[in-house]
>>> print(open('entry.txt').read())   # compact mmCIF, C-alpha atoms
# COMPACT_ATOMS: atom_id res chain seq x y z
CA MET X 1 25.45 -39.55 8.93
CA LYS X 2 27.58 -42.71 9.44
CA SER X 3 30.15 -41.52 6.88
CA ILE X 4 30.46 -38.19 8.68
CA ILE X 5 31.05 -39.92 12.03
CA ARG X 6 33.63 -42.24 10.41
CA ASN X 7 35.50 -39.24 8.98
CA ILE X 8 35.46 -37.50 12.36
CA ILE X 9 36.90 -40.62 14.03
CA ILE X 10 39.69 -40.88 11.44
CA ILE X 11 40.61 -37.20 11.85
CA ALA X 12 40.54 -37.51 15.64
CA VAL X 13 42.79 -40.59 15.55
CA VAL X 14 45.28 -38.84 13.28
CA LEU X 15 45.34 -35.79 15.56
CA GLY X 16 45.71 -38.04 18.60
CA LEU X 17 48.67 -39.85 17.08
CA ALA X 18 50.23 -36.53 16.13
CA VAL X 19 49.88 -35.27 19.71
CA VAL X 20 51.35 -38.48 21.14
CA GLY X 21 54.24 -38.35 18.68
CA TYR X 22 54.85 -34.70 19.47
CA LYS X 23 54.98 -35.40 23.19
CA MET X 24 57.24 -38.44 22.80
CA PHE X 25 59.68 -36.70 20.42
CA PHE X 26 60.12 -33.44 22.30
CA SER X 27 60.19 -35.11 25.69
CA SER X 28 63.34 -36.93 24.57
CA THR X 29 65.17 -33.83 23.26
CA THR X 30 64.24 -31.13 25.79
CA SER X 31 67.17 -29.94 27.93
CA THR X 32 66.22 -28.98 31.47
CA PRO X 33 68.48 -28.86 34.51
CA THR X 34 67.05 -31.91 36.23
CA SER X 35 68.49 -35.10 37.55
CA GLY X 36 68.49 -38.28 35.54
CA LEU X 37 70.63 -37.10 32.61
CA LYS X 38 70.38 -39.26 29.52
CA THR X 39 72.29 -39.20 26.25
CA THR X 40 70.08 -39.37 23.18
CA ALA X 41 70.55 -38.74 19.49
CA GLY X 42 68.67 -35.56 18.59
CA VAL X 43 67.57 -34.33 15.18
CA GLY X 44 70.40 -34.56 12.66
CA ALA X 45 72.70 -36.26 15.13
CA GLY X 46 72.84 -39.62 13.39
CA THR X 47 76.46 -39.17 12.15
CA SER X 48 77.72 -36.88 14.85
CA ALA X 49 80.75 -38.12 16.79
CA SER X 50 79.71 -36.33 19.96
CA PRO X 51 76.35 -37.40 21.30
CA GLN X 52 73.98 -34.71 22.47
CA ILE X 53 73.16 -34.64 26.12
CA ALA X 54 69.57 -34.06 27.12
CA ALA X 55 67.89 -34.14 30.49
CA VAL X 56 64.61 -35.94 30.61
CA ASN X 57 62.32 -37.42 33.18
CA PRO X 58 62.68 -41.18 32.84
CA SER X 59 58.99 -41.69 33.37
CA SER X 60 57.88 -39.09 30.74
CA THR X 61 58.04 -41.53 27.83
CA ALA X 62 55.97 -44.10 29.68
CA ASP X 63 53.44 -41.44 30.72
CA ALA X 64 53.10 -40.24 27.13
CA GLY X 65 52.51 -43.78 25.95
CA THR X 66 49.82 -44.32 28.60
CA ILE X 67 48.10 -41.06 27.67
CA GLY X 68 48.21 -42.00 23.99
CA THR X 69 46.69 -45.42 24.67
CA ASP X 70 43.91 -43.96 26.79
CA PHE X 71 43.20 -41.34 24.14
CA LEU X 72 42.98 -43.94 21.38
CA ASN X 73 40.70 -46.12 23.49
CA THR X 74 38.43 -43.16 24.05
CA LEU X 75 38.29 -42.42 20.32
CA LEU X 76 37.55 -46.04 19.50
CA SER X 77 34.66 -46.05 21.96
CA ILE X 78 32.86 -43.59 19.66
CA GLU X 79 31.94 -46.56 17.51
CA SER X 80 29.40 -47.59 20.15
CA ILE X 81 27.52 -44.28 19.98
CA SER X 82 24.16 -44.45 18.20
CA LEU X 83 21.64 -41.76 17.32
CA ASP X 84 18.15 -42.20 18.74
CA ASP X 85 15.64 -40.89 16.20
CA SER X 86 12.57 -42.07 18.09
CA LEU X 87 11.90 -38.44 19.02
CA PHE X 88 10.74 -37.71 15.47
CA THR X 89 8.08 -40.42 15.66
CA SER X 90 6.92 -39.71 19.21
CA LYS X 91 3.41 -38.47 19.89
CA GLU X 92 4.65 -35.22 21.40
CA PHE X 93 6.69 -34.33 18.31
CA THR X 94 3.84 -35.25 15.94
CA VAL X 95 1.46 -32.96 17.80
CA LEU X 96 3.91 -30.08 17.53
CA GLN X 97 4.11 -30.58 13.77
CA ASP X 98 0.35 -30.64 13.25
CA PHE X 99 -0.41 -27.51 11.24
CA ASN X 100 -3.72 -28.78 9.80
CA ARG X 101 -5.98 -27.43 12.53
CA PRO X 102 -8.66 -25.25 10.92
CA ILE X 103 -8.83 -21.64 12.04
CA PRO X 104 -12.42 -20.33 12.32
CA ALA X 105 -13.15 -17.47 9.98
CA ASP X 106 -13.61 -14.03 11.54
CA GLN X 107 -17.31 -13.24 11.45
CA ASN X 108 -16.70 -9.48 11.66
CA PRO X 109 -13.34 -8.73 10.04
CA GLY X 110 -14.19 -5.09 9.36
CA ARG X 111 -13.06 -3.26 6.27
CA THR X 112 -9.86 -4.21 4.50
CA ASN X 113 -9.00 -0.52 4.07
CA PRO X 114 -10.79 1.73 6.59
CA PHE X 115 -9.76 4.83 4.61
CA ALA X 116 -11.40 3.71 1.37
CA PRO X 117 -14.84 5.03 0.37
CA ILE X 118 -17.79 3.05 1.68
CA GLY X 119 -18.71 0.23 -0.68
CA SER X 120 -15.35 0.02 -2.38
CA ASP X 121 -14.14 -2.94 -0.34
CA GLY X 122 -15.89 -6.02 1.02
CA ILE X 123 -17.72 -5.80 4.33
CA ALA X 124 -17.90 -2.45 6.06
CA ALA X 125 -17.12 -1.82 9.71
CA THR X 126 -19.44 -3.42 12.25
CA VAL X 127 -19.86 -0.16 14.20
CA GLN X 128 -22.06 1.20 11.41
CA VAL X 129 -24.98 -0.84 12.71
CA SER X 130 -25.74 -2.26 16.16
CA THR X 131 -28.30 -4.61 17.68
CA SER X 132 -30.32 -3.80 20.83
CA SER X 133 -32.30 -6.13 23.08
CA PRO X 134 -35.79 -6.99 21.76
CA SER X 135 -38.79 -5.40 23.47
CA SER X 136 -42.51 -6.19 23.82
CA VAL X 137 -41.63 -9.87 24.13
CA THR X 138 -44.52 -12.33 24.36
CA GLY X 139 -44.73 -16.07 23.97
CA THR X 140 -45.04 -15.86 20.17
CA SER X 141 -43.81 -12.38 19.15
CA ALA X 142 -41.22 -9.67 19.85
CA THR X 143 -40.08 -6.29 18.60
CA LEU X 144 -36.52 -6.39 17.27
CA ASN X 145 -34.44 -3.24 17.75
CA GLY X 146 -31.39 -1.92 15.94
CA THR X 147 -29.55 1.33 15.33
CA LEU X 148 -28.10 2.59 12.07
CA LEU X 149 -24.97 4.65 12.76
CA ALA X 150 -24.04 5.45 9.16
CA GLY X 151 -25.74 5.39 5.82
CA ASP X 152 -26.76 7.11 2.62
CA ALA X 153 -29.74 7.33 0.28
CA THR X 154 -29.24 3.75 -0.91
CA THR X 155 -28.99 2.16 2.56
CA THR X 156 -31.30 -0.71 3.49
CA ARG X 157 -31.49 -2.55 6.84
CA TRP X 158 -33.05 -5.75 8.19
CA PHE X 159 -32.81 -8.34 10.99
CA GLU X 160 -31.72 -11.96 10.99
CA PHE X 161 -32.92 -14.22 13.81
CA GLY X 162 -33.35 -17.87 14.76
CA THR X 163 -33.11 -20.43 17.55
CA THR X 164 -29.36 -21.00 16.95
CA SER X 165 -26.35 -18.75 16.40
CA SER X 166 -26.63 -19.56 12.68
CA LEU X 167 -29.87 -17.49 12.71
CA GLY X 168 -31.77 -18.66 9.60
CA SER X 169 -34.75 -16.28 9.35
CA MET X 170 -34.67 -12.78 7.92
CA THR X 171 -37.03 -9.81 7.91
CA THR X 172 -37.74 -7.87 4.72
CA PRO X 173 -34.98 -5.30 3.95
CA LYS X 174 -36.28 -1.74 4.19
CA PRO X 175 -34.67 1.52 3.08
CA GLN X 176 -33.34 3.97 5.65
CA ALA X 177 -31.39 6.97 4.39
CA THR X 178 -30.66 8.57 7.78
CA GLN X 179 -28.99 7.41 10.95
CA GLY X 180 -31.11 6.31 13.87
CA ALA X 181 -33.06 3.46 15.43
CA PHE X 182 -35.19 0.98 13.48
CA THR X 183 -37.51 -1.79 14.59
CA GLU X 184 -39.34 -4.80 13.21
CA VAL X 185 -42.05 -6.95 14.77
CA VAL X 186 -41.67 -10.71 14.32
CA SER X 187 -44.36 -13.26 15.12
CA LYS X 188 -45.04 -17.01 15.04
CA LEU X 189 -42.26 -17.59 17.54
CA LEU X 190 -42.03 -20.56 19.88
CA PRO X 191 -42.87 -19.86 23.53
CA ASN X 192 -40.26 -20.24 26.27
CA THR X 193 -37.48 -20.48 23.64
CA THR X 194 -34.13 -18.74 23.36
CA TYR X 195 -33.67 -16.79 20.12
CA TYR X 196 -30.68 -15.11 18.51
CA VAL X 197 -30.94 -11.80 16.63
CA ARG X 198 -28.60 -9.60 14.60
CA ALA X 199 -29.23 -6.23 12.89
CA ASP X 200 -27.72 -5.97 9.39
CA ALA X 201 -27.52 -3.27 6.75
CA LEU X 202 -26.40 -2.63 3.19
CA ILE X 203 -24.47 0.65 3.11
CA GLY X 204 -22.86 1.93 -0.06
CA GLY X 205 -23.03 -1.54 -1.60
CA ALA X 206 -21.25 -3.19 1.37
CA THR X 207 -23.00 -5.57 3.77
CA VAL X 208 -22.61 -4.60 7.43
CA LEU X 209 -23.21 -7.24 10.12
CA GLY X 210 -24.16 -6.05 13.59
CA ASN X 211 -23.59 -7.75 16.92
CA VAL X 212 -25.59 -10.85 17.93
CA LEU X 213 -27.87 -10.83 20.99
CA THR X 214 -30.16 -13.43 22.56
CA TRP X 215 -33.56 -13.22 24.16
CA LYS X 216 -36.12 -15.67 25.43
CA THR X 217 -39.82 -15.67 24.59
CA ALA X 218 -42.38 -15.74 27.40
CA LEU X 219 -44.26 -18.78 28.61
CA LYS X 220 -47.39 -19.56 26.62
>>> encode(input="entry.txt", output="structure tokens")
Amino acid sequence: MKSIIRNIIIIAVVLGLAVVGYKMFFSSTTSTPTSGLKTTAGVGAGTSASPQIAAVNPSSTADAGTIGTDFLNTLLSIESISLDDSLFTSKEFTVLQDFNRPIPADQNPGRTNPFAPIGSDGIAATVQVSTSSPSSVTGTSATLNGTLLAGDATTTRWFEFGTTSSLGSMTTPKPQATQGAFTEVVSKLLPNTTYYVRADALIGGATVLGNVLTWKTALK
């Protein structure tokens, strides 16, 4: 970076000197009908017997010299410029560059290819099975309800439930070849406790996860 700045300064100084020289040279040889005529030797006039007559402003040479000095002083002041790289170590910049934040996995991504036959790709669409609110709720038992919206002769369905969103308990998978509602009674629950439930199914070899609902058992 320093070498680049040094080269820029050198080029700027050279250009500045060229501009100053250009102004000083042509200001002394330009003929204009003004007062203050002055005889000067123009280009190639070193051996000429008759001097060339040129009209110039007497103060133009001094003005050009002043401009050149100011220009050079300005160029030399570049040496005092420094680059502040503290931005790249600031807290704000570090936060912007933090790409290590984990992205939670999609719990219901659906099928990779919705046009492929059922069972040929990963997890099937969630809409093939849905969870309904439990019924016949007591302090220690409840009837879990779900609906199968698609299936075939090999389809099985079940419920997962628990006291947290991670569920943890599972009913026995049972076959169901046709669409429609299905239920399962669970017992040995804790009274006055919030439970989570989700209806699941295996359709065409693909596991389908339904939506998660909550319910609360009755007081004992």
>>> residues_around(input="entry.txt", residues="Pro191 of chain X", least_positions_apart="3", cutoff="8 Å", atoms="all atoms listed in the file", output="list of chain:residue names")
X:Thr138, X:Gly139, X:Thr140, X:Thr217, X:Ala218, X:Leu219, X:Lys220
>>> write_last_selection(input="entry.txt", atoms="C-alpha atoms", output="compact mmCIF listing (two decimals), in the coordinates of the input")
# COMPACT_ATOMS: atom_id res chain seq x y z
CA THR X 138 -44.52 -12.33 24.36
CA GLY X 139 -44.73 -16.07 23.97
CA THR X 140 -45.04 -15.86 20.17
CA THR X 217 -39.82 -15.67 24.59
CA ALA X 218 -42.38 -15.74 27.40
CA LEU X 219 -44.26 -18.78 28.61
CA LYS X 220 -47.39 -19.56 26.62
>>> closest_residue(input="entry.txt", among="X:Pro173, X:Gly68, X:Gly168, X:Gly151", to="Val129 of chain X", atoms="all atoms listed in the file")
X:Gly151
>>> atom_distance(input="entry.txt", atom1="atom CA of Ser82 of chain X", atom2="atom CA of Leu17 of chain X")
25.0 Å
>>> closest_residue(input="entry.txt", among="X:Leu213, X:Ala181, X:Ile203, X:Val197", to="Ala150 of chain X", atoms="only C-alpha atoms")
X:Ile203
>>> closest_residue(input="entry.txt", among="X:Thr193, X:Asn145, X:Ser165, X:Ser130", to="Val208 of chain X", atoms="all atoms listed in the file")
X:Ser130
>>> residues_around(input="entry.txt", residues="Thr178 of chain X", least_positions_apart="5", cutoff="12 Å", atoms="all atoms listed in the file", output="PyMOL selection string")
chain X and resi 128+147-157+203
>>> atom_distance(input="entry.txt", atom1="atom CA of Thr69 of chain X", atom2="atom CA of Lys23 of chain X")
13.1 Å
>>> atom_distance(input="entry.txt", atom1="atom CA of Thr171 of chain X", atom2="atom CA of Trp158 of chain X")
5.7 Å
>>> residues_near_point(input="entry.txt", point="(-29.5, -0.6, 20.8)", cutoff="6 Å", atoms="all atoms listed in the file", output="PyMOL selection string")
chain X and resi 131-132+146-147
>>> closest_residue(input="entry.txt", among="X:Asn7, X:Ser187, X:Thr66, X:Thr207", to="Val137 of chain X", atoms="only C-alpha atoms")
X:Ser187
